[in-house]
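Listing of final-v8.cif, mmCIF, C-alpha atoms
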```cif
data_data
#
loop_
_atom_site.group_PDB
_atom_site.id
_atom_site.type_symbol
_atom_site.label_atom_id
_atom_site.label_comp_id
_atom_site.auth_asym_id
_atom_site.auth_seq_id
_atom_site.Cartn_x
_atom_site.Cartn_y
_atom_site.Cartn_z
ATOM 1 C CA MET A 20 -4.467 6.115 22.152
ATOM 2 C CA PRO A 21 -3.381 3.729 19.361
ATOM 3 C CA ARG A 22 -5.640 3.350 16.342
ATOM 4 C CA VAL A 23 -5.893 0.186 14.253
ATOM 5 C CA ARG A 24 -6.335 0.715 10.508
ATOM 6 C CA ASN A 25 -6.998 -1.721 7.679
ATOM 7 C CA GLY A 26 -5.836 -1.336 4.110
ATOM 8 C CA HIS A 27 -4.379 -3.206 1.170
ATOM 9 C CA VAL A 28 -1.003 -3.463 -0.536
ATOM 10 C CA LEU A 29 -0.012 -5.016 -3.853
ATOM 11 C CA LYS A 30 2.401 -7.917 -3.475
ATOM 12 C CA TYR A 31 4.424 -9.579 -6.238
ATOM 13 C CA GLU A 32 4.869 -13.358 -6.432
ATOM 14 C CA ASP A 33 8.472 -13.038 -5.191
ATOM 15 C CA GLY A 34 7.314 -11.389 -1.942
ATOM 16 C CA GLN A 35 8.176 -7.793 -2.855
ATOM 17 C CA TYR A 36 5.684 -4.915 -2.802
ATOM 18 C CA PHE A 37 4.536 -2.316 -5.327
ATOM 19 C CA ILE A 38 5.443 1.361 -4.941
ATOM 20 C CA GLU A 39 4.229 4.181 -7.212
ATOM 21 C CA ALA A 40 7.707 5.447 -8.232
ATOM 22 C CA ALA A 41 10.510 3.762 -10.169
ATOM 23 C CA PRO A 42 11.752 1.075 -9.696
ATOM 24 C CA PHE A 43 8.138 0.197 -8.665
ATOM 25 C CA ILE A 44 9.292 -2.570 -6.304
ATOM 26 C CA THR A 45 10.406 -2.612 -2.670
ATOM 27 C CA ALA A 46 11.224 -5.459 -0.319
ATOM 28 C CA LYS A 47 9.991 -3.558 2.747
ATOM 29 C CA LEU A 48 6.323 -3.655 3.712
ATOM 30 C CA ASP A 49 6.598 -0.275 5.466
ATOM 31 C CA GLU A 50 7.554 1.340 2.119
ATOM 32 C CA ALA A 51 4.695 -0.248 0.149
ATOM 33 C CA GLU A 52 1.831 1.889 -1.095
ATOM 34 C CA LEU A 53 -1.301 1.570 1.040
ATOM 35 C CA TYR A 54 -4.713 1.636 -0.576
ATOM 36 C CA PHE A 55 -7.992 2.155 1.221
ATOM 37 C CA LYS A 56 -10.431 2.355 -1.692
ATOM 38 C CA TYR A 57 -11.231 -0.499 -4.058
ATOM 39 C CA PHE A 58 -11.149 1.666 -7.196
ATOM 40 C CA ASP A 59 -7.691 3.048 -6.316
ATOM 41 C CA LEU A 60 -6.492 -0.492 -5.737
ATOM 42 C CA MET A 61 -7.724 -1.683 -9.138
ATOM 43 C CA GLU A 62 -6.060 1.240 -10.923
ATOM 44 C CA ALA A 63 -2.790 0.619 -9.077
ATOM 45 C CA GLN A 64 -2.896 -3.046 -10.006
ATOM 46 C CA ALA A 65 -3.087 -2.078 -13.689
ATOM 47 C CA ARG A 66 -0.207 0.425 -13.251
ATOM 48 C CA ALA A 67 1.933 -2.259 -11.573
ATOM 49 C CA LEU A 68 1.409 -4.652 -14.480
ATOM 50 C CA GLN A 69 2.153 -1.930 -17.030
ATOM 51 C CA ALA A 70 5.297 -0.696 -15.220
ATOM 52 C CA THR A 71 6.883 -4.056 -14.431
ATOM 53 C CA GLY A 72 5.171 -6.646 -16.616
ATOM 54 C CA LYS A 73 4.495 -8.706 -13.484
ATOM 55 C CA THR A 74 1.123 -9.424 -11.934
ATOM 56 C CA VAL A 75 0.507 -8.460 -8.325
ATOM 57 C CA ASN A 76 -1.784 -9.920 -5.701
ATOM 58 C CA ILE A 77 -3.997 -7.834 -3.438
ATOM 59 C CA THR A 78 -2.955 -8.375 0.172
ATOM 60 C CA ALA A 79 -4.897 -7.110 3.180
ATOM 61 C CA VAL A 80 -2.862 -5.480 5.957
ATOM 62 C CA ARG A 81 -3.702 -4.235 9.435
ATOM 63 C CA PHE A 82 -1.492 -1.715 11.172
ATOM 64 C CA THR A 83 -1.496 0.357 14.324
ATOM 65 C CA ILE A 84 -0.915 4.084 14.469
ATOM 66 C CA THR A 85 0.645 4.764 17.843
ATOM 67 C CA ASP A 86 1.875 8.344 17.654
ATOM 68 C CA ILE A 87 -0.529 10.956 16.386
ATOM 69 C CA ASP A 88 0.490 14.576 16.787
ATOM 70 C CA GLU A 89 -2.454 16.861 16.175
ATOM 71 C CA ARG A 90 -1.612 20.519 15.990
ATOM 72 C CA GLN A 91 -4.187 23.212 15.593
ATOM 73 C CA SER A 92 -3.315 26.609 14.169
#
```

Just dump the structure as structure tokens.
Amino acid sequence: MPRVRNGHVLKYEDGQYFIEAAPFITAKLDEAELYFKYFDLMEAQARALQATGKTVNITAVRFTITDIDERQS
């Protein structure tokens, strides 16, 4: 059964997204870092500014997880 999740990404003014590793920018939403906690989001926003010198906007996203493989050992 699909699950809908909500989270946030950091988006630059030019439409690209923040990632935690160099070069700190990606054009693809599916590669962007997802944040679920406000404090983590605020820290990442500061890291994005420090790493690139550009400000980022907080953008809410909703996505669906359609394939979950749970294996028990």

Q.
Between CA of Leu48 (chain A) and CA of Asp88 (chain A), what is the distance in Å, rounded to a tenth?
A.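 Going from CA of Leu48 (chain A) over to CA of Asp88 (chain A), I get 23.2 Å.
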
Q | Distance of CA of Phe37 (chain A) from CA of Thr74 (chain A), expressed in Å to one decimal place | A |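 Distance reported for this atom pair: 10.3 Å.
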
Q | Ground truth for the PyMOL selection byres ((chain A and resi 63) around 10), written as a count of residues only | A | 20

Q. How many Å lie between CA of Asp49 (chain A) and CA of Tyr31 (chain A), rounded to one decimal?
A. 15.1 Å

Q.
As a check of understanding, name the residues that the PyMOL selection byres ((chain A and resi 25) around 12) selects in the supplied structure, as JSON, numbers by chain.
A. {"A": [22, 23, 24, 26, 27, 28, 53, 54, 55, 56, 78, 79, 80, 81, 82, 83, 84]}

**Q.** Within 6 Å of Gln35 (chain A) using only C-alpha atoms, minus same-chain residues under 2 positions, as a PyMOL selection string
**A.** chain A and resi 30-31+33+45-46
